[in-house]
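The block underneath contains the structure these notes are about, expressed in structure tokens.
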Amino acid sequence: MKGRPIHIGLNAHLLSLSQSYRGAGISWYIFNLLKNLARMSPDFCYSAFLSDRAFQEPALALHLSRLPTQHPAVRILWEQFIQPLALRQAGVDLLHALAFVAPLAAPCPFVVTVYDLSFLRYPEAFRPFNRWYLRQFTANSVKRARAVIAISESTRQDVINLLGAPPERVHTIYCGADEQFRPLPAAEIAAFKAARGLPDTFVLFLGTLEPRKNMDGLIRAYALWREQEPSAPPLIIAGGKGWYYRHIFSLVESLNLTDTVRFANYVPQSELPLWYNAASLFVYPSHFEGFGLPVLEAMACGTPVITSTASSLPEVTGTDGAACLVNPADSEALAEAMRHIMADRDLRAGMAQQGLDRAAGFRWDKTAQETVAVYRKALSRAGN
């Protein structure tokens, strides 16, 4: 390596620029990390291995696969059998496995990012083979990695306690809020509301419809609020359908909320700032999150936030008033929090400003800088 830049390989096969659910979550992390890594570390050079031909970044060497790795089985085939050859041919010094798993036959040392251990905490949410692959291969990758990156301290503790990783080898590096998430002009928001037929005032949930997001608790809390205050603003639930979602619609019907609860389906990444800005209150009472990007993005848009005390979410919001934290199992407390915040304009304004201040500390360039620091530690540590 002496006399030439250190060559970092990035497995970015979960990157998707499609306007679908594939472009959220892990893909968004990968996209922002790649863009920011390319702008720093002159003593490093980067090769990104991916299949999405829409991605462009002149500062990265892009190695495009012809295989349709958007399909999990094909991606696993590439990760385990083709990736070692590709790394060797490219002359990679250190691999960053950007999503849980490194190849068993890795020809170089590696760092692995773990987002959460939902496949251990919520195994029923995964198909049997995917669950088995993630459990076995993530544990193996964490054991062999020079370093592990966790996107929250909550995830870091899970990696240590559930996978037995040495604490000194697991590093917490938070996600960032992209610059598109910011307060938008009132005229732009008014035009968006008019185009979408949105009310002037509404409460927003935005995320995948699945049990760990606690949709039942949110809907029951909203029903309690409506009982106490029939004039409460509408609740809009936006997000793609995950698993076990049909009962959510049945619950809305059984609680006679069909006139006041609206489902907006999947929201493209490009529209997210408009939705956050349009909402009067953002509510995200999840049972479990690896990080909780929607909460950070809503705060960055200046929208007051209610979220839960569970897992990583207090790490994102802090505990000094930037958001209201509620026990996700307590629907009455959630109902009261929504009622109280919506009744107090000054409180909402204060939360909005505190949320903006809090969100400003989460930046993707900082994520990239701290990631590079982990690369240096991994390279300086001899052996696996």
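Just remember, in the structure tokens the first chain shown is A, the second B, etc., residues are 1-based per chain, and ligands are 1-based in the order shown.
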
Problem set entry | Residue neighbourhood A:Ser141, 8 Å, only C-alpha atoms, exclusion window fewer than 6 positions, as a PyMOL selection string | chain A and resi 100-104+112

For this session: Do a neighbour search on stretch 203-216 of chain A at 9 Å with only C-alpha atoms, toss out local chain neighbours closer than 4 positions, and write the hits as a PyMOL selection string.
Result: chain A and resi 21+122+125+220-221+233-245+247-248+251+266-267+272+275-276+278-289+294+328-329+338

Output the selection as a compact mmCIF listing (two decimals), in the first residue's frame - N, CA and C atoms for each residue.
# COMPACT_ATOMS: atom_id res chain seq x y z
N TYR A 21 -40.15 1.77 -2.51
CA TYR A 21 -39.68 1.49 -1.16
C TYR A 21 -38.23 1.05 -1.14
N TYR A 122 -37.48 -9.37 15.74
CA TYR A 122 -38.78 -9.57 15.09
C TYR A 122 -38.63 -10.59 13.95
N ALA A 125 -41.04 -11.23 10.90
CA ALA A 125 -41.18 -10.27 9.80
C ALA A 125 -40.39 -10.67 8.57
N ARG A 220 -55.42 3.52 17.90
CA ARG A 220 -56.22 3.48 19.13
C ARG A 220 -56.07 4.80 19.91
N ALA A 221 -54.86 5.34 19.93
CA ALA A 221 -54.65 6.62 20.61
C ALA A 221 -55.42 7.73 19.91
N PRO A 233 -57.91 17.18 14.45
CA PRO A 233 -57.59 17.17 13.02
C PRO A 233 -57.43 15.75 12.48
N PRO A 234 -57.53 15.58 11.17
CA PRO A 234 -57.38 14.25 10.57
C PRO A 234 -55.98 13.66 10.80
N LEU A 235 -55.94 12.36 10.76
CA LEU A 235 -54.68 11.62 10.81
C LEU A 235 -54.41 11.06 9.42
N ILE A 236 -53.24 11.34 8.88
CA ILE A 236 -52.84 10.79 7.58
C ILE A 236 -51.71 9.80 7.80
N ILE A 237 -51.90 8.60 7.31
CA ILE A 237 -50.92 7.52 7.44
C ILE A 237 -50.33 7.28 6.05
N ALA A 238 -49.07 7.61 5.90
CA ALA A 238 -48.40 7.48 4.61
C ALA A 238 -47.30 6.44 4.71
N GLY A 239 -47.20 5.59 3.71
CA GLY A 239 -46.13 4.58 3.70
C GLY A 239 -46.53 3.35 2.92
N GLY A 240 -45.52 2.63 2.47
CA GLY A 240 -45.76 1.40 1.73
C GLY A 240 -46.23 0.29 2.64
N LYS A 241 -46.89 -0.68 2.07
CA LYS A 241 -47.41 -1.81 2.82
C LYS A 241 -46.28 -2.79 3.12
N GLY A 242 -46.11 -3.10 4.39
CA GLY A 242 -45.12 -4.08 4.80
C GLY A 242 -45.75 -5.45 4.94
N TRP A 243 -45.72 -5.99 6.15
CA TRP A 243 -46.35 -7.29 6.38
C TRP A 243 -47.39 -7.13 7.49
N TYR A 244 -48.42 -7.98 7.48
CA TYR A 244 -49.51 -7.96 8.46
C TYR A 244 -50.10 -6.56 8.58
N TYR A 245 -50.44 -5.99 7.42
CA TYR A 245 -50.94 -4.61 7.42
C TYR A 245 -52.45 -4.54 7.25
N HIS A 247 -54.96 -5.71 8.81
CA HIS A 247 -55.78 -5.47 10.00
C HIS A 247 -55.79 -3.99 10.37
N ILE A 248 -54.80 -3.22 9.89
CA ILE A 248 -54.78 -1.78 10.18
C ILE A 248 -56.02 -1.12 9.60
N LEU A 251 -59.03 -2.14 11.62
CA LEU A 251 -59.10 -1.44 12.90
C LEU A 251 -59.68 -0.04 12.72
N TYR A 266 -47.39 4.76 -0.44
CA TYR A 266 -45.96 5.04 -0.47
C TYR A 266 -45.69 6.47 -0.96
N VAL A 267 -44.76 7.15 -0.30
CA VAL A 267 -44.37 8.51 -0.68
C VAL A 267 -42.96 8.47 -1.28
N LEU A 272 -40.89 13.65 0.24
CA LEU A 272 -40.89 13.57 1.70
C LEU A 272 -40.81 14.95 2.37
N TRP A 275 -44.25 16.56 2.52
CA TRP A 275 -45.17 15.95 3.47
C TRP A 275 -44.83 16.36 4.90
N TYR A 276 -43.56 16.31 5.27
CA TYR A 276 -43.17 16.71 6.62
C TYR A 276 -43.54 18.17 6.87
N ALA A 278 -45.82 19.95 5.43
CA ALA A 278 -47.27 20.17 5.39
C ALA A 278 -47.95 19.77 6.69
N ALA A 279 -47.37 18.83 7.42
CA ALA A 279 -48.00 18.32 8.63
C ALA A 279 -47.89 19.32 9.78
N SER A 280 -48.91 19.34 10.61
CA SER A 280 -48.87 20.17 11.82
C SER A 280 -48.17 19.44 12.96
N LEU A 281 -48.18 18.11 12.89
CA LEU A 281 -47.56 17.28 13.92
C LEU A 281 -47.18 15.96 13.29
N PHE A 282 -45.97 15.47 13.58
CA PHE A 282 -45.52 14.18 13.09
C PHE A 282 -45.47 13.20 14.25
N VAL A 283 -46.11 12.05 14.09
CA VAL A 283 -46.19 11.06 15.17
C VAL A 283 -45.60 9.74 14.69
N TYR A 284 -44.66 9.21 15.47
CA TYR A 284 -43.93 8.01 15.07
C TYR A 284 -43.68 7.15 16.32
N PRO A 285 -44.71 6.42 16.77
CA PRO A 285 -44.62 5.72 18.06
C PRO A 285 -44.09 4.29 17.94
N SER A 286 -43.00 4.10 17.21
CA SER A 286 -42.49 2.77 16.88
C SER A 286 -42.02 2.00 18.12
N HIS A 287 -42.16 0.68 18.03
CA HIS A 287 -41.64 -0.20 19.08
C HIS A 287 -40.14 -0.43 18.96
N PHE A 288 -39.61 -0.30 17.74
CA PHE A 288 -38.20 -0.67 17.53
C PHE A 288 -37.67 -0.03 16.26
N GLU A 289 -36.52 0.65 16.37
CA GLU A 289 -35.87 1.26 15.23
C GLU A 289 -34.35 1.13 15.37
N PRO A 294 -37.15 8.91 9.75
CA PRO A 294 -38.30 9.81 9.62
C PRO A 294 -38.40 10.84 10.74
N PRO A 328 -44.44 3.53 23.95
CA PRO A 328 -45.25 3.09 22.81
C PRO A 328 -46.40 2.16 23.20
N ALA A 329 -46.35 1.60 24.39
CA ALA A 329 -47.42 0.70 24.84
C ALA A 329 -48.57 1.45 25.51
N MET A 338 -50.79 14.03 21.85
CA MET A 338 -51.28 14.64 20.62
C MET A 338 -52.25 15.78 20.92

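Distance annotation: of A:Phe110, A:Ile160, A:Leu17, A:Arg348, the residue with the minimal separation from A:Arg381 is A:Phe110; atom set is only C-alpha atoms.
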
For this session: Any chance you could list, as number ranges by chain, the residues in stretch 209-258 of chain A that come up alpha helix (DSSP H) when DSSP is run on the backbone?
Result: A: 215-228, 246-254

Store the residues picked out above in a file with N, CA and C atoms, as a PDB file, in the first residue's frame.
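Done, and the output landed in out_13.pdb:
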ATOM      1  N   MET A 215     -48.684   0.721  14.550  1.00  0.00           N
ATOM      2  CA  MET A 215     -49.848   1.373  13.955  1.00  0.00           C
ATOM      3  C   MET A 215     -51.096   1.165  14.812  1.00  0.00           C
ATOM      4  N   ASP A 216     -51.222  -0.015  15.418  1.00  0.00           N
ATOM      5  CA  ASP A 216     -52.375  -0.264  16.287  1.00  0.00           C
ATOM      6  C   ASP A 216     -52.431   0.770  17.403  1.00  0.00           C
ATOM      7  N   GLY A 217     -51.274   0.970  18.057  1.00  0.00           N
ATOM      8  CA  GLY A 217     -51.232   1.917  19.166  1.00  0.00           C
ATOM      9  C   GLY A 217     -51.562   3.325  18.727  1.00  0.00           C
ATOM     10  N   LEU A 218     -51.066   3.726  17.560  1.00  0.00           N
ATOM     11  CA  LEU A 218     -51.345   5.060  17.052  1.00  0.00           C
ATOM     12  C   LEU A 218     -52.831   5.235  16.757  1.00  0.00           C
ATOM     13  N   ILE A 219     -53.422   4.266  16.077  1.00  0.00           N
ATOM     14  CA  ILE A 219     -54.834   4.384  15.687  1.00  0.00           C
ATOM     15  C   ILE A 219     -55.736   4.375  16.922  1.00  0.00           C
ATOM     16  N   ARG A 220     -55.418   3.516  17.898  1.00  0.00           N
ATOM     17  CA  ARG A 220     -56.222   3.482  19.129  1.00  0.00           C
ATOM     18  C   ARG A 220     -56.067   4.797  19.906  1.00  0.00           C
ATOM     19  N   ALA A 221     -54.860   5.342  19.933  1.00  0.00           N
ATOM     20  CA  ALA A 221     -54.646   6.622  20.614  1.00  0.00           C
ATOM     21  C   ALA A 221     -55.420   7.733  19.913  1.00  0.00           C
ATOM     22  N   TYR A 222     -55.396   7.713  18.597  1.00  0.00           N
ATOM     23  CA  TYR A 222     -56.134   8.725  17.839  1.00  0.00           C
ATOM     24  C   TYR A 222     -57.640   8.609  18.110  1.00  0.00           C
ATOM     25  N   ALA A 223     -58.134   7.372  18.215  1.00  0.00           N
ATOM     26  CA  ALA A 223     -59.552   7.167  18.522  1.00  0.00           C
ATOM     27  C   ALA A 223     -59.900   7.749  19.899  1.00  0.00           C
ATOM     28  N   LEU A 224     -59.012   7.555  20.877  1.00  0.00           N
ATOM     29  CA  LEU A 224     -59.240   8.126  22.210  1.00  0.00           C
ATOM     30  C   LEU A 224     -59.287   9.643  22.145  1.00  0.00           C
ATOM     31  N   TRP A 225     -58.381  10.212  21.393  1.00  0.00           N
ATOM     32  CA  TRP A 225     -58.349  11.676  21.231  1.00  0.00           C
ATOM     33  C   TRP A 225     -59.651  12.171  20.601  1.00  0.00           C
ATOM     34  N   ARG A 226     -60.120  11.484  19.571  1.00  0.00           N
ATOM     35  CA  ARG A 226     -61.362  11.893  18.898  1.00  0.00           C
ATOM     36  C   ARG A 226     -62.559  11.779  19.836  1.00  0.00           C
ATOM     37  N   GLU A 227     -62.544  10.799  20.737  1.00  0.00           N
ATOM     38  CA  GLU A 227     -63.635  10.667  21.707  1.00  0.00           C
ATOM     39  C   GLU A 227     -63.682  11.884  22.622  1.00  0.00           C
ATOM     40  N   GLN A 228     -62.503  12.333  23.030  1.00  0.00           N
ATOM     41  CA  GLN A 228     -62.422  13.475  23.939  1.00  0.00           C
ATOM     42  C   GLN A 228     -62.622  14.795  23.205  1.00  0.00           C
ATOM     43  N   ARG A 246     -53.086  -5.611   6.746  1.00  0.00           N
ATOM     44  CA  ARG A 246     -54.518  -5.519   6.423  1.00  0.00           C
ATOM     45  C   ARG A 246     -55.371  -5.206   7.644  1.00  0.00           C
ATOM     46  N   HIS A 247     -54.965  -5.714   8.806  1.00  0.00           N
ATOM     47  CA  HIS A 247     -55.776  -5.467  10.001  1.00  0.00           C
ATOM     48  C   HIS A 247     -55.791  -3.990  10.374  1.00  0.00           C
ATOM     49  N   ILE A 248     -54.800  -3.219   9.886  1.00  0.00           N
ATOM     50  CA  ILE A 248     -54.778  -1.776  10.177  1.00  0.00           C
ATOM     51  C   ILE A 248     -56.019  -1.117   9.600  1.00  0.00           C
ATOM     52  N   PHE A 249     -56.372  -1.473   8.377  1.00  0.00           N
ATOM     53  CA  PHE A 249     -57.564  -0.915   7.733  1.00  0.00           C
ATOM     54  C   PHE A 249     -58.829  -1.371   8.456  1.00  0.00           C
ATOM     55  N   SER A 250     -58.822  -2.631   8.901  1.00  0.00           N
ATOM     56  CA  SER A 250     -59.987  -3.153   9.642  1.00  0.00           C
ATOM     57  C   SER A 250     -60.152  -2.428  10.971  1.00  0.00           C
ATOM     58  N   LEU A 251     -59.027  -2.136  11.624  1.00  0.00           N
ATOM     59  CA  LEU A 251     -59.095  -1.436  12.899  1.00  0.00           C
ATOM     60  C   LEU A 251     -59.675  -0.035  12.721  1.00  0.00           C
ATOM     61  N   VAL A 252     -59.279   0.652  11.681  1.00  0.00           N
ATOM     62  CA  VAL A 252     -59.834   1.990  11.405  1.00  0.00           C
ATOM     63  C   VAL A 252     -61.340   1.915  11.214  1.00  0.00           C
ATOM     64  N   GLU A 253     -61.798   0.898  10.482  1.00  0.00           N
ATOM     65  CA  GLU A 253     -63.240   0.738  10.270  1.00  0.00           C
ATOM     66  C   GLU A 253     -63.959   0.413  11.571  1.00  0.00           C
ATOM     67  N   SER A 254     -63.395  -0.504  12.365  1.00  0.00           N
ATOM     68  CA  SER A 254     -64.060  -0.921  13.593  1.00  0.00           C
ATOM     69  C   SER A 254     -64.170   0.212  14.609  1.00  0.00           C
TER      70      SER A 254
END

Would you kindly return, as a tab-separated table (two decimals) with N, CA and C atoms, in the first residue's frame, each protein, DNA or RNA residue with an atom no farther than 6 Å from any atom of stretch 316-324 of chain A, considering only C-alpha atoms and excluding same-chain residues fewer than 6 positions away?
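Writing done, so here's around-v6.tsv:
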chain	number	residue	atom	x	y	z
A	305	VAL	N	-42.59	16.85	16.74
A	305	VAL	CA	-42.55	15.39	16.66
A	305	VAL	C	-42.95	14.76	18.00
A	306	ILE	N	-43.78	13.73	17.90
A	306	ILE	CA	-44.00	12.79	19.01
A	306	ILE	C	-43.45	11.45	18.56
A	351	MET	N	-41.15	23.53	20.04
A	351	MET	CA	-40.67	22.20	19.65
A	351	MET	C	-40.06	22.22	18.26
A	354	GLN	N	-36.57	23.78	18.54
A	354	GLN	CA	-35.66	22.86	19.22
A	354	GLN	C	-35.35	21.65	18.33
A	355	GLY	N	-36.35	21.20	17.58
A	355	GLY	CA	-36.12	20.10	16.65
A	355	GLY	C	-35.14	20.48	15.55

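Take atom CA of A:Asp178 and atom CA of A:Ala48: the distance between them is 20.8 Å.
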
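With distances taken over only C-alpha atoms, A:Val114 is the one residue among A:Val114, A:Leu87, A:Ala38, A:Leu10 lying closest to A:Ile26.
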
For this session: List the neighbours of stretch 373-377 of chain A out to 12 Å using only C-alpha atoms; skip same-chain residues closer than 2 positions along the sequence, and give me the result as a ChimeraX atom specification.
Result: /A:6-10,37,40-41,43-44,46,93-97,109-113,145-150,168-173,366-371,379-382

Okay, now the selection with N, CA and C atoms, as a short mmCIF file (atom, residue, chain, number, x, y, z; two decimals), in the first residue's frame?
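Output saved as again_6.cif:
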data_model
loop_
_atom_site.label_atom_id
_atom_site.label_comp_id
_atom_site.auth_asym_id
_atom_site.auth_seq_id
_atom_site.Cartn_x
_atom_site.Cartn_y
_atom_site.Cartn_z
N ILE A 6 -4.80 4.24 -0.32
CA ILE A 6 -5.44 3.03 0.20
C ILE A 6 -6.76 2.83 -0.54
N HIS A 7 -6.99 1.63 -0.99
CA HIS A 7 -8.15 1.33 -1.85
C HIS A 7 -9.26 0.71 -1.00
N ILE A 8 -10.38 1.43 -0.90
CA ILE A 8 -11.54 0.98 -0.14
C ILE A 8 -12.60 0.47 -1.10
N GLY A 9 -13.07 -0.74 -0.90
CA GLY A 9 -14.17 -1.29 -1.68
C GLY A 9 -15.48 -1.14 -0.92
N LEU A 10 -16.55 -0.77 -1.61
CA LEU A 10 -17.85 -0.52 -1.00
C LEU A 10 -18.90 -1.40 -1.67
N LEU A 37 -18.33 10.26 1.05
CA LEU A 37 -17.00 9.67 1.05
C LEU A 37 -16.18 10.16 -0.13
N MET A 40 -13.89 13.39 0.37
CA MET A 40 -12.88 13.52 1.42
C MET A 40 -11.82 12.43 1.30
N SER A 41 -10.86 12.46 2.21
CA SER A 41 -9.81 11.45 2.32
C SER A 41 -8.98 11.33 1.05
N ASP A 43 -6.05 10.49 0.76
CA ASP A 43 -5.15 9.32 0.82
C ASP A 43 -5.91 8.01 0.63
N PHE A 44 -7.22 8.09 0.40
CA PHE A 44 -8.01 6.90 0.09
C PHE A 44 -8.56 7.04 -1.33
N TYR A 46 -11.72 4.99 -3.76
CA TYR A 46 -12.90 4.17 -3.50
C TYR A 46 -13.40 3.50 -4.78
N ASP A 93 -7.96 -2.93 -0.70
CA ASP A 93 -7.22 -3.14 0.55
C ASP A 93 -8.15 -3.39 1.74
N LEU A 94 -9.32 -2.74 1.71
CA LEU A 94 -10.28 -2.87 2.80
C LEU A 94 -11.68 -2.82 2.21
N LEU A 95 -12.51 -3.78 2.55
CA LEU A 95 -13.91 -3.81 2.11
C LEU A 95 -14.79 -3.20 3.19
N HIS A 96 -15.74 -2.36 2.76
CA HIS A 96 -16.82 -1.95 3.65
C HIS A 96 -18.09 -2.64 3.16
N ALA A 97 -18.52 -3.66 3.90
CA ALA A 97 -19.78 -4.35 3.62
C ALA A 97 -20.89 -3.47 4.18
N PRO A 109 -9.21 -7.60 4.59
CA PRO A 109 -9.96 -7.27 5.81
C PRO A 109 -11.19 -6.43 5.48
N PHE A 110 -12.14 -6.40 6.40
CA PHE A 110 -13.38 -5.68 6.11
C PHE A 110 -13.99 -5.05 7.34
N VAL A 111 -14.82 -4.04 7.07
CA VAL A 111 -15.69 -3.37 8.04
C VAL A 111 -17.12 -3.69 7.62
N VAL A 112 -18.02 -3.86 8.57
CA VAL A 112 -19.41 -4.15 8.23
C VAL A 112 -20.33 -3.20 8.97
N THR A 113 -21.36 -2.69 8.27
CA THR A 113 -22.39 -1.85 8.90
C THR A 113 -23.59 -2.72 9.26
N ALA A 145 -15.05 -9.33 11.38
CA ALA A 145 -14.78 -7.96 10.93
C ALA A 145 -13.67 -7.30 11.74
N ARG A 146 -12.86 -6.48 11.07
CA ARG A 146 -11.91 -5.65 11.79
C ARG A 146 -12.64 -4.62 12.65
N ALA A 147 -13.79 -4.15 12.14
CA ALA A 147 -14.61 -3.18 12.88
C ALA A 147 -16.05 -3.31 12.42
N VAL A 148 -16.97 -2.98 13.33
CA VAL A 148 -18.40 -2.98 13.03
C VAL A 148 -18.93 -1.57 13.24
N ILE A 149 -19.71 -1.08 12.29
CA ILE A 149 -20.38 0.22 12.42
C ILE A 149 -21.85 -0.03 12.72
N ALA A 150 -22.34 0.54 13.82
CA ALA A 150 -23.76 0.49 14.18
C ALA A 150 -24.32 1.90 14.03
N GLU A 168 -15.00 -2.89 22.02
CA GLU A 168 -14.04 -1.95 21.43
C GLU A 168 -14.01 -2.02 19.91
N ARG A 169 -14.64 -3.03 19.34
CA ARG A 169 -14.62 -3.18 17.90
C ARG A 169 -15.91 -2.66 17.25
N VAL A 170 -16.88 -2.24 18.05
CA VAL A 170 -18.18 -1.80 17.53
C VAL A 170 -18.31 -0.29 17.74
N HIS A 171 -18.56 0.45 16.67
CA HIS A 171 -18.55 1.91 16.69
C HIS A 171 -19.91 2.47 16.30
N THR A 172 -20.42 3.38 17.10
CA THR A 172 -21.69 4.04 16.78
C THR A 172 -21.42 5.24 15.87
N ILE A 173 -22.03 5.23 14.69
CA ILE A 173 -21.95 6.36 13.77
C ILE A 173 -23.38 6.66 13.30
N LYS A 366 -20.54 14.38 8.39
CA LYS A 366 -20.01 13.90 9.67
C LYS A 366 -20.03 12.37 9.70
N THR A 367 -21.11 11.77 9.19
CA THR A 367 -21.18 10.30 9.09
C THR A 367 -19.99 9.77 8.30
N ALA A 368 -19.70 10.40 7.17
CA ALA A 368 -18.59 9.96 6.32
C ALA A 368 -17.25 10.15 7.02
N GLN A 369 -17.06 11.29 7.68
CA GLN A 369 -15.80 11.53 8.39
C GLN A 369 -15.55 10.47 9.46
N GLU A 370 -16.57 10.15 10.22
CA GLU A 370 -16.42 9.16 11.28
C GLU A 370 -16.23 7.76 10.71
N THR A 371 -16.82 7.51 9.54
CA THR A 371 -16.62 6.22 8.88
C THR A 371 -15.17 6.07 8.42
N LEU A 379 -7.60 -0.63 9.52
CA LEU A 379 -6.36 -0.88 8.80
C LEU A 379 -5.15 -0.95 9.71
N SER A 380 -5.25 -0.27 10.83
CA SER A 380 -4.11 -0.26 11.76
C SER A 380 -4.10 -1.47 12.69
N ARG A 381 -5.23 -2.19 12.71
CA ARG A 381 -5.33 -3.35 13.59
C ARG A 381 -4.93 -4.62 12.84
N ALA A 382 -3.86 -5.23 13.23
CA ALA A 382 -3.36 -6.41 12.52
C ALA A 382 -4.25 -7.61 12.77
#

Neighbours of A:Leu15 within 7 Å (only C-alpha atoms; same-chain residues fewer than 3 positions away dropped), as a PDB file with C-alpha atoms, in the first residue's frame?
ATOM      1  CA  ALA A  12     -23.407  -0.947  -2.566  1.00  0.00           C
ATOM      2  CA  SER A  27     -30.424   2.514   0.249  1.00  0.00           C
ATOM      3  CA  ILE A  30     -25.666   4.019   1.174  1.00  0.00           C
ATOM      4  CA  PHE A  31     -26.435   6.820  -1.283  1.00  0.00           C
ATOM      5  CA  ASP A  52     -28.045   0.568 -10.262  1.00  0.00           C
TER       6      ASP A  52
END
